[in-house]
Amino acid sequence: SAPASRPRTRSDGWSSAVSFFTLGIDHILDGPDHLLFLFVLTLAATAGGVTKKTTWLTVKLVTAFTVGHAISLCLAYFEVISIPASIVEPTISLSIVAAAALVLRGGEHDVRVWIATVVGLVHGLGFASSLGSLGIAASQRVAALAAFNVGIDVAQTFVVLALVGLLWIGYQLMDQRIEWARLAGAGVCAAFGLFWTVTRLAELAS
């Protein structure tokens, strides 16, 4: 994902936290690769219909994804681990292809919580590269990290809730025909993910 623009720094700590919270939201909404992964993750969890069971599975998967990216975001931001963006970005796009492949296989509830956690770890490294590029003052690093992370989580929660709602409406209006739309959506996401993977690997090789 492209680095986000620097928020205006103010002496007021609350205003600064709000700025980084907003930045976290913007990073999700302006990051098509992260949005597509959330989309495919939701498609995988809701195979067969939007029920209490599939909704609960969606919650578990998104929570696991959140935990994963929160851990790696913290570790990378404080330089405990360091992986070049040239490696992280192709891996993020490849995760979209892998998740879409699970949907296209047609099996119900085929994605596992631990898989979502591992993928979250990779996505967190992408989040950290954007936040780390801002050159935040040492005194604000913890607050900035917390606000940025909360902004990411709020944005992706609303995105997933909206997708689940749309899928529920689709199942009510289209019955089993929505399955074809679900598979088509996964196919489109796989194509985008594959394109991004190839182009990012080409940039790495050049």
# chains A, B, ... in the order shown; residues from 1 in each chain; ligands from 1
>>> residues_around(residues="region 63-69 of chain A", least_positions_apart="6", cutoff="6 Å", atoms="only C-alpha atoms", output="PyMOL selection string")
chain A and resi 116-117+120-121+123-124
>>> residues_around(residues="Ile96 (chain A)", least_positions_apart="4", cutoff="8 Å", atoms="only C-alpha atoms", output="VMD selection string")
chain A and resid 33 36 to 37 40 92 100 189 to 190 193
>>> write_last_selection(atoms="N, CA and C atoms", output="compact mmCIF listing (two decimals), in the first residue's frame")
# COMPACT_ATOMS: atom_id res chain seq x y z
N ASP A 33 -5.64 -3.39 -1.56
CA ASP A 33 -5.22 -4.76 -1.28
C ASP A 33 -5.77 -5.25 0.06
N LEU A 36 -9.57 -5.78 -0.37
CA LEU A 36 -9.88 -7.01 -1.12
C LEU A 36 -9.67 -8.25 -0.25
N PHE A 37 -8.65 -8.23 0.60
CA PHE A 37 -8.46 -9.40 1.47
C PHE A 37 -9.62 -9.53 2.44
N VAL A 40 -12.54 -11.00 0.51
CA VAL A 40 -12.42 -12.43 0.24
C VAL A 40 -12.55 -13.23 1.52
N ILE A 92 1.49 -9.64 0.58
CA ILE A 92 0.13 -9.19 0.87
C ILE A 92 -0.80 -9.49 -0.31
N ALA A 100 -8.76 -16.20 -2.08
CA ALA A 100 -9.74 -16.37 -3.15
C ALA A 100 -9.79 -17.81 -3.63
N CYS A 189 -11.26 -10.86 -7.42
CA CYS A 189 -10.25 -10.54 -6.40
C CYS A 189 -8.96 -11.31 -6.65
N ALA A 190 -9.07 -12.58 -7.05
CA ALA A 190 -7.89 -13.38 -7.35
C ALA A 190 -7.11 -12.78 -8.52
N GLY A 193 -5.31 -9.71 -7.25
CA GLY A 193 -4.21 -10.11 -6.40
C GLY A 193 -3.04 -10.67 -7.19
>>> atom_distance(atom1="CA of Ile71 (chain A)", atom2="CA of Leu125 (chain A)")
9.3 Å
>>> atom_distance(atom1="CA of Ala47 (chain A)", atom2="CA of Met174 (chain A)")
14.5 Å
>>> closest_residue(among="A:Ala44, A:Val198, A:Leu167, A:Ser206", to="Arg105 (chain A)", atoms="only C-alpha atoms")
A:Ala44
>>> residues_around(residues="region 147-150 of chain A", least_positions_apart="4", cutoff="9 Å", atoms="only C-alpha atoms", output="number ranges by chain")
A: 16-25, 69-70, 73, 127, 131, 142-143, 154-155
>>> write_last_selection(atoms="C-alpha atoms", output="tab-separated table (two decimals), in the first residue's frame")
chain	number	residue	atom	x	y	z
A	16	SER	CA	-2.85	14.28	17.58
A	17	ALA	CA	-4.51	11.00	18.59
A	18	VAL	CA	-7.57	11.87	16.51
A	19	SER	CA	-5.29	12.60	13.55
A	20	PHE	CA	-3.64	9.18	13.76
A	21	PHE	CA	-7.00	7.48	14.35
A	22	THR	CA	-8.25	9.10	11.14
A	23	LEU	CA	-5.06	8.09	9.38
A	24	GLY	CA	-5.69	4.46	10.34
A	25	ILE	CA	-9.20	4.62	8.89
A	69	HIS	CA	-1.68	-7.39	12.25
A	70	ALA	CA	-1.65	-5.67	15.67
A	73	LEU	CA	2.51	-3.67	13.49
A	127	PHE	CA	0.64	-0.99	8.04
A	131	LEU	CA	3.13	4.67	9.90
A	142	VAL	CA	2.98	4.93	21.65
A	143	ALA	CA	-0.10	7.16	21.36
A	154	VAL	CA	-12.79	0.40	13.36
A	155	ALA	CA	-12.59	0.81	9.58
>>> closest_residue(among="A:Ala101, A:Thr46, A:Phe192, A:Leu173", to="Pro32 (chain A)", atoms="only C-alpha atoms")
A:Phe192
>>> closest_residue(among="A:Leu145, A:Ala205, A:Val97, A:Val50", to="Val188 (chain A)", atoms="only C-alpha atoms")
A:Val97
>>> residues_around(residues="Ala85 (chain A)", least_positions_apart="2", cutoff="12 Å", atoms="only C-alpha atoms", output="PyMOL selection string")
chain A and resi 1-3+76+82-83+87-92+122-130+132-133+200-201+203-204
>>> closest_residue(among="A:Ser72, A:Thr51, A:Val103, A:Val164", to="Ala186 (chain A)", atoms="only C-alpha atoms")
A:Val103
>>> atom_distance(atom1="CA of Leu38 (chain A)", atom2="CA of Gly151 (chain A)")
15.5 Å
>>> closest_residue(among="A:Trp168, A:Glu79, A:Val118, A:Leu94", to="Lys52 (chain A)", atoms="only C-alpha atoms")
A:Trp168
>>> decode(residues="region 136-155 of chain A", atoms="N, CA, C and O atoms", output="PDB file, in the first residue's frame")
ATOM      1  N   ILE A 136       7.498  10.193  13.314  1.00  0.00           N
ATOM      2  CA  ILE A 136       6.799  10.678  14.504  1.00  0.00           C
ATOM      3  C   ILE A 136       7.782  10.904  15.651  1.00  0.00           C
ATOM      4  O   ILE A 136       8.708  10.113  15.849  1.00  0.00           O
ATOM      5  N   ALA A 137       7.573  11.952  16.416  1.00  0.00           N
ATOM      6  CA  ALA A 137       8.414  12.242  17.570  1.00  0.00           C
ATOM      7  C   ALA A 137       8.334  11.102  18.576  1.00  0.00           C
ATOM      8  O   ALA A 137       7.285  10.466  18.738  1.00  0.00           O
ATOM      9  N   ALA A 138       9.468  10.845  19.258  1.00  0.00           N
ATOM     10  CA  ALA A 138       9.553   9.720  20.191  1.00  0.00           C
ATOM     11  C   ALA A 138       8.478   9.783  21.279  1.00  0.00           C
ATOM     12  O   ALA A 138       7.936   8.760  21.691  1.00  0.00           O
ATOM     13  N   SER A 139       8.162  10.988  21.726  1.00  0.00           N
ATOM     14  CA  SER A 139       7.186  11.154  22.805  1.00  0.00           C
ATOM     15  C   SER A 139       5.770  10.791  22.377  1.00  0.00           C
ATOM     16  O   SER A 139       4.902  10.567  23.218  1.00  0.00           O
ATOM     17  N   GLN A 140       5.521  10.741  21.067  1.00  0.00           N
ATOM     18  CA  GLN A 140       4.182  10.465  20.562  1.00  0.00           C
ATOM     19  C   GLN A 140       4.038   9.072  19.965  1.00  0.00           C
ATOM     20  O   GLN A 140       2.960   8.706  19.504  1.00  0.00           O
ATOM     21  N   ARG A 141       5.092   8.285  19.993  1.00  0.00           N
ATOM     22  CA  ARG A 141       5.077   7.019  19.251  1.00  0.00           C
ATOM     23  C   ARG A 141       4.032   6.039  19.774  1.00  0.00           C
ATOM     24  O   ARG A 141       3.313   5.417  18.982  1.00  0.00           O
ATOM     25  N   VAL A 142       3.935   5.883  21.086  1.00  0.00           N
ATOM     26  CA  VAL A 142       2.983   4.926  21.645  1.00  0.00           C
ATOM     27  C   VAL A 142       1.546   5.359  21.371  1.00  0.00           C
ATOM     28  O   VAL A 142       0.710   4.559  20.929  1.00  0.00           O
ATOM     29  N   ALA A 143       1.252   6.640  21.608  1.00  0.00           N
ATOM     30  CA  ALA A 143      -0.097   7.157  21.364  1.00  0.00           C
ATOM     31  C   ALA A 143      -0.456   7.070  19.885  1.00  0.00           C
ATOM     32  O   ALA A 143      -1.586   6.712  19.531  1.00  0.00           O
ATOM     33  N   ALA A 144       0.510   7.390  19.025  1.00  0.00           N
ATOM     34  CA  ALA A 144       0.260   7.339  17.583  1.00  0.00           C
ATOM     35  C   ALA A 144      -0.027   5.906  17.138  1.00  0.00           C
ATOM     36  O   ALA A 144      -0.952   5.657  16.361  1.00  0.00           O
ATOM     37  N   LEU A 145       0.768   4.961  17.653  1.00  0.00           N
ATOM     38  CA  LEU A 145       0.571   3.555  17.297  1.00  0.00           C
ATOM     39  C   LEU A 145      -0.807   3.069  17.741  1.00  0.00           C
ATOM     40  O   LEU A 145      -1.519   2.410  16.976  1.00  0.00           O
ATOM     41  N   ALA A 146      -1.189   3.400  18.980  1.00  0.00           N
ATOM     42  CA  ALA A 146      -2.480   2.957  19.508  1.00  0.00           C
ATOM     43  C   ALA A 146      -3.630   3.541  18.702  1.00  0.00           C
ATOM     44  O   ALA A 146      -4.562   2.826  18.303  1.00  0.00           O
ATOM     45  N   ALA A 147      -3.591   4.850  18.446  1.00  0.00           N
ATOM     46  CA  ALA A 147      -4.674   5.511  17.711  1.00  0.00           C
ATOM     47  C   ALA A 147      -4.753   4.999  16.275  1.00  0.00           C
ATOM     48  O   ALA A 147      -5.852   4.765  15.740  1.00  0.00           O
ATOM     49  N   PHE A 148      -3.606   4.799  15.633  1.00  0.00           N
ATOM     50  CA  PHE A 148      -3.557   4.304  14.261  1.00  0.00           C
ATOM     51  C   PHE A 148      -4.157   2.901  14.183  1.00  0.00           C
ATOM     52  O   PHE A 148      -4.963   2.590  13.303  1.00  0.00           O
ATOM     53  N   ASN A 149      -3.800   2.051  15.146  1.00  0.00           N
ATOM     54  CA  ASN A 149      -4.290   0.674  15.166  1.00  0.00           C
ATOM     55  C   ASN A 149      -5.795   0.627  15.396  1.00  0.00           C
ATOM     56  O   ASN A 149      -6.519  -0.156  14.745  1.00  0.00           O
ATOM     57  N   VAL A 150      -6.288   1.449  16.324  1.00  0.00           N
ATOM     58  CA  VAL A 150      -7.734   1.494  16.585  1.00  0.00           C
ATOM     59  C   VAL A 150      -8.477   1.971  15.340  1.00  0.00           C
ATOM     60  O   VAL A 150      -9.545   1.443  14.991  1.00  0.00           O
ATOM     61  N   GLY A 151      -7.922   2.958  14.643  1.00  0.00           N
ATOM     62  CA  GLY A 151      -8.541   3.446  13.411  1.00  0.00           C
ATOM     63  C   GLY A 151      -8.649   2.355  12.358  1.00  0.00           C
ATOM     64  O   GLY A 151      -9.684   2.205  11.692  1.00  0.00           O
ATOM     65  N   ILE A 152      -7.585   1.559  12.217  1.00  0.00           N
ATOM     66  CA  ILE A 152      -7.603   0.429  11.284  1.00  0.00           C
ATOM     67  C   ILE A 152      -8.706  -0.557  11.653  1.00  0.00           C
ATOM     68  O   ILE A 152      -9.480  -1.007  10.805  1.00  0.00           O
ATOM     69  N   ASP A 153      -8.773  -0.899  12.945  1.00  0.00           N
ATOM     70  CA  ASP A 153      -9.746  -1.898  13.400  1.00  0.00           C
ATOM     71  C   ASP A 153     -11.182  -1.420  13.229  1.00  0.00           C
ATOM     72  O   ASP A 153     -12.060  -2.188  12.815  1.00  0.00           O
ATOM     73  N   VAL A 154     -11.437  -0.148  13.525  1.00  0.00           N
ATOM     74  CA  VAL A 154     -12.788   0.399  13.356  1.00  0.00           C
ATOM     75  C   VAL A 154     -13.194   0.370  11.889  1.00  0.00           C
ATOM     76  O   VAL A 154     -14.306  -0.054  11.540  1.00  0.00           O
ATOM     77  N   ALA A 155     -12.279   0.778  11.011  1.00  0.00           N
ATOM     78  CA  ALA A 155     -12.589   0.814   9.582  1.00  0.00           C
ATOM     79  C   ALA A 155     -12.868  -0.574   9.035  1.00  0.00           C
ATOM     80  O   ALA A 155     -13.853  -0.790   8.317  1.00  0.00           O
TER      81      ALA A 155
END
